[in-house]
file upload-v3.cif (mmCIF, C-alpha atoms)
data_upload
#
loop_
_atom_site.label_atom_id
_atom_site.label_comp_id
_atom_site.auth_asym_id
_atom_site.auth_seq_id
_atom_site.Cartn_x
_atom_site.Cartn_y
_atom_site.Cartn_z
CA MET A 105 22.17 10.18 9.19
CA SER A 106 22.53 8.14 12.37
CA GLN A 107 24.21 4.73 12.56
CA LEU A 108 20.77 3.19 13.23
CA THR A 109 19.32 4.82 10.13
CA SER A 110 22.29 3.73 8.04
CA ARG A 111 21.87 0.14 9.19
CA ILE A 112 18.14 0.12 8.49
CA LEU A 113 18.38 1.63 5.02
CA GLN A 114 21.61 0.05 3.85
CA HIS A 115 21.64 -2.05 0.68
CA ASP A 116 23.74 -5.18 0.52
CA ALA A 117 26.09 -4.98 -2.48
CA SER A 118 24.40 -8.00 -3.99
CA THR A 119 20.93 -6.44 -3.78
CA GLU A 120 21.50 -3.39 -5.96
CA ILE A 121 18.86 -2.60 -8.56
CA ARG A 122 19.23 -4.87 -11.59
CA CYS A 123 17.58 -5.07 -14.98
CA SER A 124 17.51 -8.87 -15.05
CA THR A 125 14.25 -10.79 -14.69
CA SER A 126 13.82 -13.13 -11.77
CA ASN A 127 13.77 -16.90 -11.95
CA PRO A 128 10.42 -18.62 -11.62
CA TRP A 129 9.51 -19.52 -8.07
CA SER A 130 9.40 -23.17 -7.12
CA TYR A 131 9.04 -25.06 -3.88
CA GLU A 132 12.59 -26.36 -4.17
CA LEU A 133 14.02 -22.86 -4.68
CA LEU A 134 12.15 -21.28 -1.76
CA LYS A 135 12.74 -24.24 0.54
CA ARG A 136 16.47 -24.17 -0.20
CA ALA A 137 16.65 -20.41 0.41
CA THR A 138 15.03 -20.76 3.83
CA LEU A 139 16.83 -23.93 4.90
CA ASP A 140 18.84 -22.36 7.74
CA GLN A 141 16.24 -19.72 8.69
CA ARG A 142 13.92 -19.63 11.67
CA LEU A 143 10.27 -19.95 10.68
CA PRO A 144 7.80 -18.29 10.32
CA LEU A 145 9.32 -15.67 8.02
CA VAL A 146 8.52 -13.35 5.13
CA LEU A 147 10.51 -13.48 1.88
CA VAL A 148 10.79 -10.51 -0.50
CA ASP A 149 12.15 -11.33 -3.96
CA LEU A 150 14.19 -8.24 -4.82
CA GLU A 151 14.39 -8.91 -8.55
CA ARG A 152 10.62 -9.12 -8.74
CA PHE A 153 10.16 -6.11 -6.44
CA ASP A 154 12.48 -4.05 -8.65
CA ARG A 155 10.76 -5.21 -11.81
CA ASN A 156 7.39 -4.10 -10.46
CA CYS A 157 8.89 -0.80 -9.37
CA ARG A 158 10.43 -0.14 -12.78
CA ASP A 159 7.13 -0.96 -14.46
CA PHE A 160 5.28 1.68 -12.47
CA ILE A 161 8.01 4.30 -12.81
CA GLN A 162 8.55 3.86 -16.55
CA LYS A 163 4.83 4.16 -17.27
CA ALA A 164 4.57 7.24 -15.05
CA LYS A 165 7.60 8.90 -16.66
CA SER A 166 6.25 8.21 -20.15
CA ALA A 167 3.09 10.07 -19.17
CA GLY A 168 4.98 12.95 -17.53
CA LYS A 169 3.82 11.90 -14.07
CA ARG A 170 5.43 10.87 -10.81
CA ILE A 171 4.48 8.15 -8.36
CA ARG A 172 4.00 8.51 -4.62
CA ILE A 173 4.65 5.51 -2.38
CA ALA A 174 1.79 4.34 -0.14
CA SER A 175 3.67 3.38 3.01
CA LYS A 176 0.76 1.43 4.51
CA SER A 177 1.27 -1.19 1.80
CA ILE A 178 4.96 -1.70 2.68
CA ARG A 179 5.76 -0.77 6.32
CA VAL A 180 9.44 -1.60 5.86
CA PRO A 181 11.72 1.46 5.70
CA ALA A 182 14.42 -0.33 3.67
CA LEU A 183 11.91 -1.24 0.95
CA ILE A 184 10.44 2.27 0.88
CA GLN A 185 13.97 3.59 0.44
CA ARG A 186 14.60 1.06 -2.31
CA VAL A 187 11.72 2.50 -4.32
CA LEU A 188 13.02 6.04 -3.81
CA ASP A 189 16.44 4.91 -5.02
CA HIS A 190 14.98 4.21 -8.44
CA GLY A 191 15.15 7.88 -9.33
CA SER A 192 13.50 11.24 -9.67
CA ALA A 193 10.10 9.98 -10.86
CA VAL A 194 9.17 9.15 -7.24
CA SER A 195 7.59 12.09 -5.42
CA GLY A 196 7.72 11.01 -1.83
CA VAL A 197 5.70 8.97 0.66
CA MET A 198 1.99 8.90 1.42
CA CYS A 199 1.81 8.04 5.13
CA TYR A 200 -1.17 6.78 7.09
CA SER A 201 -0.54 8.54 10.42
CA VAL A 202 1.31 11.52 11.85
CA ALA A 203 3.40 9.34 14.15
CA GLU A 204 4.50 7.24 11.18
CA ALA A 205 5.42 10.31 9.13
CA VAL A 206 7.48 11.76 11.98
CA PHE A 207 9.19 8.40 12.48
CA LEU A 208 10.11 8.25 8.78
CA ALA A 209 11.30 11.85 8.93
CA GLU A 210 13.66 10.92 11.76
CA LEU A 211 15.04 8.15 9.54
CA GLY A 212 15.83 10.68 6.81
CA PHE A 213 12.73 10.46 4.59
CA ASP A 214 11.12 13.63 3.26
CA ASP A 215 8.11 14.90 1.28
CA LEU A 216 5.66 13.14 3.56
CA LEU A 217 1.94 13.43 2.78
CA ILE A 218 -0.33 12.20 5.58
CA ALA A 219 -3.38 10.77 3.82
CA TYR A 220 -5.80 10.75 6.75
CA PRO A 221 -6.86 13.84 8.73
CA THR A 222 -5.89 14.59 12.30
CA THR A 223 -6.76 17.44 14.63
CA GLU A 224 -4.93 16.28 17.76
CA GLN A 225 -2.78 18.94 19.38
CA ALA A 226 -0.09 16.41 20.39
CA GLU A 227 0.26 15.22 16.80
CA ILE A 228 0.46 18.75 15.40
CA ALA A 229 3.25 19.43 17.89
CA LEU A 230 5.16 16.44 16.46
CA VAL A 231 4.69 17.82 12.96
CA LYS A 232 6.00 21.19 14.09
CA GLN A 233 9.17 19.61 15.47
CA ALA A 234 9.79 17.74 12.21
CA VAL A 235 9.16 20.88 10.14
CA GLN A 236 11.57 22.84 12.32
CA ALA A 237 14.14 20.14 11.58
CA GLY A 238 13.75 20.91 7.88
CA LYS A 239 11.27 18.22 6.82
CA THR A 240 8.39 18.73 4.38
CA ILE A 241 5.16 17.34 5.83
CA THR A 242 1.66 17.91 4.47
CA LEU A 243 -1.57 17.29 6.41
CA MET A 244 -4.97 16.35 4.97
CA ALA A 245 -8.16 18.37 5.39
CA ASP A 246 -11.64 18.18 3.89
CA CYS A 247 -13.95 20.44 5.93
CA PRO A 248 -14.02 23.83 7.67
CA GLU A 249 -13.74 22.15 11.08
CA HIS A 250 -10.45 20.54 10.03
CA LEU A 251 -9.10 23.92 8.95
CA ALA A 252 -10.15 25.67 12.16
CA LYS A 253 -8.71 22.99 14.42
CA LEU A 254 -5.47 22.69 12.44
CA SER A 255 -5.00 26.45 12.44
CA GLU A 256 -5.56 26.65 16.20
CA ALA A 257 -3.29 23.69 16.93
CA TRP A 258 -0.55 25.05 14.66
CA ARG A 259 -0.73 28.44 16.35
CA PHE A 260 -0.64 26.81 19.79
CA SER A 261 2.39 24.70 18.82
CA GLY A 262 4.34 27.81 17.82
CA GLY A 263 4.60 26.95 14.14
CA ARG A 264 6.13 29.88 12.27
CA SER A 265 5.85 29.03 8.59
CA PRO A 266 2.34 28.17 7.32
CA LEU A 267 1.21 24.59 7.88
CA ARG A 268 1.08 22.69 4.57
CA ILE A 269 -2.42 21.43 3.70
CA CYS A 270 -3.74 19.02 1.08
CA ILE A 271 -7.49 19.12 0.36
CA GLU A 272 -9.17 15.79 -0.40
CA ILE A 273 -12.12 15.88 -2.77
CA ASP A 274 -14.58 13.00 -3.07
CA VAL A 275 -14.91 11.63 -6.63
CA SER A 276 -17.20 8.69 -5.89
CA TRP A 277 -19.81 7.75 -8.48
CA ARG A 278 -23.43 8.44 -7.49
CA PRO A 279 -25.85 7.43 -10.25
CA TRP A 280 -29.55 7.47 -9.33
CA GLY A 281 -28.76 8.27 -5.72
CA GLN A 282 -26.49 5.25 -5.23
CA HIS A 283 -22.97 5.63 -3.78
CA PHE A 284 -20.03 3.77 -5.34
CA GLY A 285 -16.80 4.60 -3.54
CA SER A 286 -15.39 5.03 -0.07
CA GLN A 287 -16.94 7.35 2.49
CA ARG A 288 -14.12 9.85 2.93
CA SER A 289 -14.33 13.53 2.08
CA PRO A 290 -17.58 15.55 2.30
CA ILE A 291 -16.28 17.77 -0.52
CA ARG A 292 -18.36 16.34 -3.38
CA SER A 293 -18.73 19.16 -5.88
CA VAL A 294 -16.93 22.20 -7.24
CA LEU A 295 -19.27 24.37 -5.15
CA ASP A 296 -18.21 22.47 -2.03
CA LEU A 297 -14.58 22.98 -2.97
CA LYS A 298 -15.02 26.71 -3.59
CA SER A 299 -16.74 27.07 -0.23
CA LEU A 300 -13.85 25.34 1.52
CA LEU A 301 -11.29 27.46 -0.34
CA ASP A 302 -13.13 30.59 0.78
CA CYS A 303 -12.96 29.28 4.34
CA LEU A 304 -9.25 28.58 3.94
CA GLY A 305 -8.72 32.29 3.37
CA ASN A 306 -9.65 32.87 7.01
CA PHE A 307 -6.59 30.97 8.20
CA PRO A 308 -3.39 32.66 7.01
CA ASN A 309 -1.24 30.14 8.90
CA LEU A 310 -2.48 27.36 6.61
CA GLN A 311 -1.19 26.92 3.03
CA MET A 312 -2.85 24.66 0.49
CA VAL A 313 -0.09 22.92 -1.48
CA GLY A 314 -1.89 19.88 -2.88
CA ALA A 315 -5.14 18.20 -3.78
CA MET A 316 -6.11 14.54 -3.68
CA ALA A 317 -9.03 12.88 -5.46
CA TYR A 318 -8.85 9.14 -4.86
CA GLU A 319 -11.18 6.84 -6.81
CA ALA A 320 -11.57 3.96 -4.34
CA HIS A 321 -14.44 2.46 -6.37
CA LEU A 322 -12.03 1.94 -9.27
CA SER A 323 -8.69 1.35 -7.58
CA GLY A 324 -9.95 -0.82 -4.73
CA VAL A 325 -12.50 -3.08 -6.43
CA PRO A 326 -11.21 -6.08 -8.45
CA ASP A 327 -12.97 -6.84 -11.72
CA ALA A 328 -11.56 -10.34 -12.35
CA ASN A 329 -12.04 -11.95 -8.95
CA PRO A 330 -12.33 -15.75 -9.29
CA PHE A 331 -14.48 -15.85 -6.15
CA THR A 332 -17.13 -13.47 -7.57
CA PRO A 333 -17.60 -14.18 -11.31
CA VAL A 334 -21.07 -12.62 -11.50
CA ARG A 335 -20.05 -9.54 -9.54
CA ASN A 336 -17.11 -9.06 -11.90
CA LEU A 337 -19.52 -8.23 -14.72
CA ALA A 338 -21.23 -5.60 -12.57
CA VAL A 339 -17.88 -4.12 -11.54
CA ARG A 340 -16.72 -3.87 -15.16
CA THR A 341 -19.92 -2.09 -16.12
CA MET A 342 -19.56 0.28 -13.19
CA ARG A 343 -15.94 0.94 -14.11
CA HIS A 344 -16.85 1.74 -17.70
CA PHE A 345 -19.14 4.57 -16.69
CA ALA A 346 -17.46 5.64 -13.42
CA SER A 347 -14.04 6.08 -15.01
CA ARG A 348 -15.40 8.80 -17.30
CA ASP A 349 -17.13 10.41 -14.34
CA VAL A 350 -13.88 10.51 -12.31
CA ALA A 351 -11.87 12.07 -15.14
CA LYS A 352 -14.50 14.78 -15.65
CA LYS A 353 -14.69 15.55 -11.95
CA ARG A 354 -10.92 15.85 -11.60
CA GLN A 355 -10.73 18.14 -14.62
CA LYS A 356 -13.40 20.39 -13.07
CA ILE A 357 -11.45 20.39 -9.79
CA HIS A 358 -8.35 21.43 -11.70
CA GLU A 359 -10.20 24.24 -13.47
CA CYS A 360 -11.65 25.43 -10.17
CA LEU A 361 -8.22 25.59 -8.57
CA ARG A 362 -6.84 27.51 -11.55
CA SER A 363 -9.74 29.96 -11.39
CA GLN A 364 -8.75 30.60 -7.77
CA ARG A 365 -5.16 31.22 -8.96
CA LEU A 366 -3.89 28.35 -6.86
CA GLU A 367 -0.66 26.86 -8.18
CA LEU A 368 -0.37 23.60 -6.30
CA GLU A 369 2.71 21.44 -5.90
CA PHE A 370 0.80 18.24 -6.60
CA PHE A 371 -2.56 16.80 -7.57
CA ASN A 372 -2.78 13.15 -6.50
CA GLY A 373 -5.04 10.33 -7.64
CA GLY A 374 -5.09 6.68 -8.62
CA GLY A 375 -3.63 3.58 -7.02
CA THR A 376 -2.32 0.11 -7.79
CA GLY A 377 -5.72 -1.22 -8.87
CA TRP A 378 -6.35 1.79 -11.15
CA PHE A 379 -2.94 2.99 -12.25
CA GLU A 380 -2.74 3.47 -16.02
CA PRO A 381 -6.01 5.35 -16.73
CA PRO A 382 -5.11 8.27 -14.40
CA LEU A 383 -1.79 8.65 -16.25
CA ALA A 384 -3.77 9.96 -19.22
CA GLU A 385 -5.34 12.78 -17.15
CA SER A 386 -3.38 15.96 -17.76
CA CYS A 387 -4.55 17.57 -14.52
CA LEU A 388 -2.94 14.96 -12.24
CA THR A 389 0.75 15.29 -11.37
CA GLU A 390 1.22 12.03 -9.46
CA VAL A 391 -0.35 8.60 -8.95
CA THR A 392 -0.10 6.60 -5.74
CA VAL A 393 1.50 3.15 -5.77
CA GLY A 394 1.77 0.66 -2.93
CA SER A 395 0.45 -2.89 -3.05
CA GLY A 396 1.56 -3.53 -6.62
CA LEU A 397 5.20 -3.29 -5.62
CA LEU A 398 4.82 -6.52 -3.62
CA GLN A 399 1.74 -7.81 -5.49
CA PRO A 400 -0.32 -9.72 -2.92
CA HIS A 401 -2.86 -12.11 -4.41
CA LEU A 402 -5.87 -9.78 -4.08
CA PHE A 403 -4.22 -7.53 -6.68
CA ASP A 404 -4.02 -10.35 -9.21
CA TYR A 405 -7.76 -9.93 -9.66
CA TYR A 406 -7.63 -6.87 -11.92
CA ARG A 407 -7.79 -7.29 -15.68
CA GLY A 408 -4.63 -6.33 -17.51
CA GLN A 409 -2.28 -6.42 -14.53
CA THR A 410 1.26 -7.57 -15.42
CA ARG A 411 3.07 -7.44 -12.08
CA LEU A 412 4.82 -10.39 -10.47
CA PRO A 413 4.21 -11.68 -6.94
CA ALA A 414 7.24 -10.34 -5.06
CA PHE A 415 6.72 -11.65 -1.54
CA CYS A 416 5.36 -14.58 0.41
CA PHE A 417 5.52 -15.95 3.93
CA ALA A 418 6.54 -19.38 5.21
CA LEU A 419 5.07 -21.34 8.11
CA PRO A 420 6.61 -24.56 9.48
CA VAL A 421 4.72 -27.87 9.62
CA THR A 422 4.40 -28.82 13.30
CA ARG A 423 1.69 -31.51 13.22
CA ILE A 424 0.56 -34.32 10.93
CA SER A 425 -2.71 -35.55 12.40
CA GLN A 426 -3.56 -37.92 9.52
CA ASN A 427 -2.26 -38.61 6.04
CA ASP A 428 -4.34 -35.84 4.43
CA ARG A 429 -3.98 -33.16 7.14
CA ILE A 430 -1.04 -31.10 8.31
CA THR A 431 -0.90 -28.16 10.71
CA CYS A 432 1.42 -25.18 10.50
CA GLN A 433 2.61 -22.99 13.35
CA GLY A 434 1.26 -19.45 12.94
CA GLY A 435 -2.19 -18.15 12.15
CA GLY A 436 -4.30 -15.12 11.46
CA PHE A 437 -2.97 -13.13 8.52
CA ILE A 438 -6.50 -12.54 7.16
CA ALA A 439 -6.75 -9.23 5.32
CA SER A 440 -9.05 -6.37 6.34
CA GLY A 441 -12.22 -5.57 4.45
CA PRO A 442 -15.46 -7.49 3.90
CA PRO A 443 -15.13 -11.11 5.14
CA ASN A 444 -15.04 -12.60 1.65
CA PRO A 445 -13.23 -15.73 0.39
CA ASP A 446 -10.51 -13.59 -1.21
CA ARG A 447 -9.28 -12.23 2.16
CA PRO A 448 -7.29 -15.19 3.56
CA PRO A 449 -3.77 -15.96 2.32
CA GLN A 450 -3.27 -18.52 -0.44
CA PRO A 451 -1.04 -21.59 0.07
CA ILE A 452 1.21 -21.71 -3.00
CA PHE A 453 3.93 -24.31 -2.25
CA PRO A 454 3.86 -27.27 -2.17
CA LEU A 455 1.29 -27.15 -4.94
CA GLY A 456 -2.23 -28.32 -4.31
CA LEU A 457 -2.57 -27.64 -0.59
CA GLY A 458 -5.96 -26.38 0.60
CA VAL A 459 -7.17 -24.58 3.70
CA GLU A 460 -9.24 -26.64 6.14
CA PRO A 461 -12.75 -25.10 5.79
CA GLN A 462 -13.75 -25.92 9.39
CA GLU A 463 -10.87 -23.88 10.84
CA GLY A 464 -9.37 -21.58 8.23
CA PHE A 465 -6.38 -19.53 9.35
CA GLY A 466 -6.56 -19.99 13.09
CA GLU A 467 -5.35 -17.72 15.83
CA VAL A 468 -1.92 -19.34 16.23
CA GLN A 469 -1.97 -22.35 13.92
CA THR A 470 -3.19 -23.19 10.42
CA PRO A 471 -4.43 -26.65 9.41
CA LEU A 472 -4.18 -27.57 5.72
CA ILE A 473 -5.56 -30.29 3.47
CA VAL A 474 -2.94 -32.37 1.66
CA PRO A 475 -3.80 -33.55 -1.87
CA ARG A 476 -3.47 -37.23 -2.68
CA SER A 477 -0.36 -36.60 -4.79
CA LYS A 478 1.51 -35.07 -1.83
CA ARG A 479 0.50 -37.43 0.98
CA GLY A 480 3.48 -38.82 2.83
CA GLN A 481 5.88 -36.35 1.17
CA ILE A 482 5.51 -33.42 3.59
CA LYS A 483 7.50 -33.83 6.79
CA LEU A 484 7.56 -32.13 10.18
CA GLY A 485 9.56 -28.91 9.97
CA ASP A 486 9.00 -28.43 6.24
CA PRO A 487 8.12 -24.86 5.20
CA ILE A 488 4.75 -24.14 3.62
CA PHE A 489 4.63 -20.95 1.55
CA PHE A 490 1.66 -18.57 1.28
CA ARG A 491 0.78 -15.32 -0.49
CA PRO A 492 -1.03 -12.70 1.62
CA ALA A 493 -4.20 -11.09 0.28
CA LYS A 494 -2.94 -7.58 1.07
CA ALA A 495 0.55 -6.13 1.16
CA GLY A 496 1.02 -4.05 4.30
CA GLU A 497 -0.92 -5.75 7.07
CA ILE A 498 1.28 -8.84 7.14
CA ALA A 499 4.18 -6.63 8.30
CA GLU A 500 2.39 -6.18 11.63
CA ARG A 501 2.94 -9.89 12.30
CA PHE A 502 6.71 -9.98 11.62
CA THR A 503 9.66 -8.04 13.02
CA GLU A 504 11.77 -8.43 9.90
CA TYR A 505 11.62 -9.40 6.24
CA CYS A 506 14.18 -11.65 4.56
CA LEU A 507 15.41 -10.28 1.22
CA LEU A 508 15.87 -12.85 -1.53
CA SER A 509 18.24 -12.26 -4.45
CA GLN A 510 19.70 -14.74 -6.89
CA ASP A 511 17.95 -17.58 -5.05
CA ARG A 512 19.46 -16.82 -1.66
CA ILE A 513 18.68 -14.63 1.34
CA VAL A 514 21.10 -11.70 1.23
CA ASN A 515 19.78 -9.47 4.00
CA GLN A 516 17.19 -9.10 6.74
CA VAL A 517 15.55 -5.73 7.29
CA PRO A 518 13.18 -4.65 10.09
CA THR A 519 9.51 -3.87 9.69
CA TYR A 520 7.90 -1.08 11.71
CA ARG A 521 7.12 -3.72 14.34
CA GLY A 522 10.74 -4.79 14.37
CA MET A 523 11.68 -1.20 15.17
CA ASN A 524 9.27 -1.13 18.14
CA GLN A 525 6.74 0.96 16.26
CA CYS A 526 2.97 0.48 16.07
CA PHE A 527 1.03 3.07 14.08
CA HIS A 528 -2.73 3.47 13.79
#

call {"tool": "encode", "arguments": {"input": "upload-v3.cif", "output": "structure tokens"}}
result
Amino acid sequence: MSQLTSRILQHDASTEIRCSTSNPWSYELLKRATLDQRLPLVLVDLERFDRNCRDFIQKAKSAGKRIRIASKSIRVPALIQRVLDHGSAVSGVMCYSVAEAVFLAELGFDDLLIAYPTTEQAEIALVKQAVQAGKTITLMADCPEHLAKLSEAWRFSGGRSPLRICIEIDVSWRPWGQHFGSQRSPIRSVLDLKSLLDCLGNFPNLQMVGAMAYEAHLSGVPDANPFTPVRNLAVRTMRHFASRDVAKKRQKIHECLRSQRLELEFFNGGGTGWFEPPLAESCLTEVTVGSGLLQPHLFDYYRGQTRLPAFCFALPVTRISQNDRITCQGGGFIASGPPNPDRPPQPIFPLGLGVEPQEGFGEVQTPLIVPRSKRGQIKLGDPIFFRPAKAGEIAERFTEYCLLSQDRIVNQVPTYRGMNQCFH
């Protein structure tokens, strides 16, 4: 391991994994911790992060499953490593691009599953170099065209051992011709899967090692969203019926694979928003976890969730235009997805602050409404703390995260951006 890698992944002695619970957050605690820091910044509470991690791992182990880390929801190598340090119940990393997987491989990470397909020759060449260096990398495929292009690119790159392939199968719910779920794989039935497996036999330089059946309509749709109380009822009804449908489909996929005498290394499903139900499915070997480790506010809106918010960001007050308005330096930070009211960050400290509806989170500054009880108390330079709606995207706006432990910042670790990396 290089000196750079050692520095990036090192753990301060005071940040080792503990079993203690974290202290409640307060404005005074967070303000004191950031007193001598340059703002804006992101804080990660390590006690809370570890508690969330243990919660996922212990539940997975009890069910005889493993978890796989969704890197897109973290984008900080030191935090990805911290999850892996919790023990053998963590499979590896689910990456969102080839370049990212190769970058992580160079840092010493292994067992890298790339969740989104690629057929680019240049990217396959990067995979080949990492595989030659001894790394385990698996590419995604879901159609005959993927297989043909991957086989050709792997042959052209000079790959000797077979290229590892994971097949993604769509398990969306389609009652009465309606589609509930993400538009991903065209493999939507056992017959589709058998047809693709037959096609796979034409490419001896490809080896199927895994399957993935992700239920986006269950894992990615909140059912206790305070912004959509009526929709919540519809989502809960959909979940009731769709969850049974997903379990049946995955069991049929499993039986199909066994009938083809395919002994796979892994069968992946689930996610933070739909974690515990997949643990009961005997056919799955691992469940993906990402956002719940940091617990952004969008993931509070699922019934039964018990995880603690583990990170927030701070912006400095730079303007006070009138006694009930302040403006912070820094803007944007709105999460991807439909432009709904749950996508912007939430101001959490000081309590009671609201977002100016005429401006929202601006391009480079954020105006806020000050409640009557706080007027005159907030000064220029004071930090205002926010929770992001999603976990990973905020890392694209910061070069490092500050790690909080025992009420003080104990380390600063780079994000992908801070390591001069930008992945798509």

call {"tool": "closest_residue", "arguments": {"input": "upload-v3.cif", "among": "A:Leu402, A:Cys303, A:Gln311, A:Asn372", "to": "Pro326 of chain A", "atoms": "only C-alpha atoms"}}
result
A:Leu402

call {"tool": "atom_distance", "arguments": {"input": "upload-v3.cif", "atom1": "atom CA of Asp140 of chain A", "atom2": "atom CA of Ile513 of chain A"}}
result
10.0 Å

call {"tool": "closest_atom_pairs", "arguments": {"input": "upload-v3.cif", "of": "segment 211-301 of chain A", "to": "segment 182-188 of chain A", "cutoff": "12 Å", "atoms": "all atoms listed in the file", "output": "CSV"}}
result
residue,atom,partner,partner_atom,distance
A:Leu211,CA,A:Gln185,CA,10.2
A:Gly212,CA,A:Gln185,CA,9.7
A:Phe213,CA,A:Gln185,CA,8.1
A:Asp214,CA,A:Leu188,CA,10.5
A:Asp215,CA,A:Leu188,CA,11.3

call {"tool": "resolve_selection", "arguments": {"input": "upload-v3.cif", "expression": "the PyMOL selection byres ((chain A and resi 232) around 9)", "output": "list in words"}}
result
Glu227, Ile228, Ala229, Leu230, Val231, Gln233, Ala234, Val235, Gln236, Ala237, Trp258, Ser261, Gly262, Gly263, Arg264 and Leu267 of chain A

call {"tool": "residues_around", "arguments": {"input": "upload-v3.cif", "residues": "Phe153 of chain A", "least_positions_apart": "3", "cutoff": "8 Å", "atoms": "all atoms listed in the file", "output": "PyMOL selection string"}}
result
chain A and resi 148-150+156-157+397-398+412+414

call {"tool": "resolve_selection", "arguments": {"input": "upload-v3.cif", "expression": "the PyMOL selection byres ((chain A and resi 418) around 10)", "output": "list of chain:residue names"}}
result
A:Leu134, A:Lys135, A:Thr138, A:Arg142, A:Leu143, A:Pro144, A:Leu145, A:Val146, A:Leu147, A:Cys416, A:Phe417, A:Leu419, A:Pro420, A:Val421, A:Cys432, A:Gln433, A:Gly434, A:Pro451, A:Phe453, A:Asp486, A:Pro487, A:Ile488, A:Phe489, A:Phe490, A:Arg491

call {"tool": "write_last_selection", "arguments": {"input": "upload-v3.cif", "atoms": "C-alpha atoms", "output": "short mmCIF file (atom, residue, chain, number, x, y, z; two decimals), in the frame of the given file"}}
result
data_model
loop_
_atom_site.label_atom_id
_atom_site.label_comp_id
_atom_site.auth_asym_id
_atom_site.auth_seq_id
_atom_site.Cartn_x
_atom_site.Cartn_y
_atom_site.Cartn_z
CA LEU A 134 12.15 -21.28 -1.76
CA LYS A 135 12.74 -24.24 0.54
CA THR A 138 15.03 -20.76 3.83
CA ARG A 142 13.92 -19.63 11.67
CA LEU A 143 10.27 -19.95 10.68
CA PRO A 144 7.80 -18.29 10.32
CA LEU A 145 9.32 -15.67 8.02
CA VAL A 146 8.52 -13.35 5.13
CA LEU A 147 10.51 -13.48 1.88
CA CYS A 416 5.36 -14.58 0.41
CA PHE A 417 5.52 -15.95 3.93
CA LEU A 419 5.07 -21.34 8.11
CA PRO A 420 6.61 -24.56 9.48
CA VAL A 421 4.72 -27.87 9.62
CA CYS A 432 1.42 -25.18 10.50
CA GLN A 433 2.61 -22.99 13.35
CA GLY A 434 1.26 -19.45 12.94
CA PRO A 451 -1.04 -21.59 0.07
CA PHE A 453 3.93 -24.31 -2.25
CA ASP A 486 9.00 -28.43 6.24
CA PRO A 487 8.12 -24.86 5.20
CA ILE A 488 4.75 -24.14 3.62
CA PHE A 489 4.63 -20.95 1.55
CA PHE A 490 1.66 -18.57 1.28
CA ARG A 491 0.78 -15.32 -0.49
#

call {"tool": "atom_distance", "arguments": {"input": "upload-v3.cif", "atom1": "atom CA of Lys494 of chain A", "atom2": "atom CA of Pro400 of chain A"}}
result
5.2 Å

call {"tool": "resolve_selection", "arguments": {"input": "upload-v3.cif", "expression": "the PyMOL selection byres ((chain A and resi 340) around 10)", "output": "list in words"}}
result
Leu322, Val325, Pro326, Asp327, Ala328, Arg335, Asn336, Leu337, Ala338, Val339, Thr341, Met342, Arg343, His344, Phe345, Ala346 and Arg407 of chain A

call {"tool": "write_last_selection", "arguments": {"input": "upload-v3.cif", "atoms": "C-alpha atoms", "output": "mmCIF file, in the frame of the given file"}}
result
data_model
loop_
_atom_site.group_PDB
_atom_site.id
_atom_site.type_symbol
_atom_site.label_atom_id
_atom_site.label_comp_id
_atom_site.auth_asym_id
_atom_site.auth_seq_id
_atom_site.Cartn_x
_atom_site.Cartn_y
_atom_site.Cartn_z
ATOM 1 C CA LEU A 322 -12.030 1.940 -9.270
ATOM 2 C CA VAL A 325 -12.500 -3.080 -6.430
ATOM 3 C CA PRO A 326 -11.210 -6.080 -8.450
ATOM 4 C CA ASP A 327 -12.970 -6.840 -11.720
ATOM 5 C CA ALA A 328 -11.560 -10.340 -12.350
ATOM 6 C CA ARG A 335 -20.050 -9.540 -9.540
ATOM 7 C CA ASN A 336 -17.110 -9.060 -11.900
ATOM 8 C CA LEU A 337 -19.520 -8.230 -14.720
ATOM 9 C CA ALA A 338 -21.230 -5.600 -12.570
ATOM 10 C CA VAL A 339 -17.880 -4.120 -11.540
ATOM 11 C CA THR A 341 -19.920 -2.090 -16.120
ATOM 12 C CA MET A 342 -19.560 0.280 -13.190
ATOM 13 C CA ARG A 343 -15.940 0.940 -14.110
ATOM 14 C CA HIS A 344 -16.850 1.740 -17.700
ATOM 15 C CA PHE A 345 -19.140 4.570 -16.690
ATOM 16 C CA ALA A 346 -17.460 5.640 -13.420
ATOM 17 C CA ARG A 407 -7.790 -7.290 -15.680
#

call {"tool": "closest_residue", "arguments": {"input": "upload-v3.cif", "among": "A:Ala499, A:Cys387, A:Leu508, A:Val393", "to": "Pro181 of chain A", "atoms": "all atoms listed in the file"}}
result
A:Ala499

call {"tool": "atom_distance", "arguments": {"input": "upload-v3.cif", "atom1": "atom CA of Pro492 of chain A", "atom2": "atom CA of Pro454 of chain A"}}
result
15.8 Å

call {"tool": "residues_around", "arguments": {"input": "upload-v3.cif", "residues": "Leu217 of chain A", "least_positions_apart": "6", "cutoff": "12 Å", "atoms": "all atoms listed in the file", "output": "VMD selection string"}}
result
chain A and resid 172 to 175 195 to 202 204 to 206 208 to 209 231 239 to 245 268 to 272 313 to 316 369 to 372 392

call {"tool": "residues_around", "arguments": {"input": "upload-v3.cif", "residues": "Asp428 of chain A", "least_positions_apart": "2", "cutoff": "6 Å", "atoms": "all atoms listed in the file", "output": "ChimeraX atom specification"}}
result
/A:426,473-474

call {"tool": "closest_residue", "arguments": {"input": "upload-v3.cif", "among": "A:Pro449, A:Pro333, A:Pro248, A:Pro279", "to": "Lys298 of chain A", "atoms": "all atoms listed in the file"}}
result
A:Pro248

call {"tool": "residues_around", "arguments": {"input": "upload-v3.cif", "residues": "Val275 of chain A", "least_positions_apart": "2", "cutoff": "7 Å", "atoms": "only C-alpha atoms", "output": "ChimeraX atom specification"}}
result
/A:273,277,292,317-319,350,353
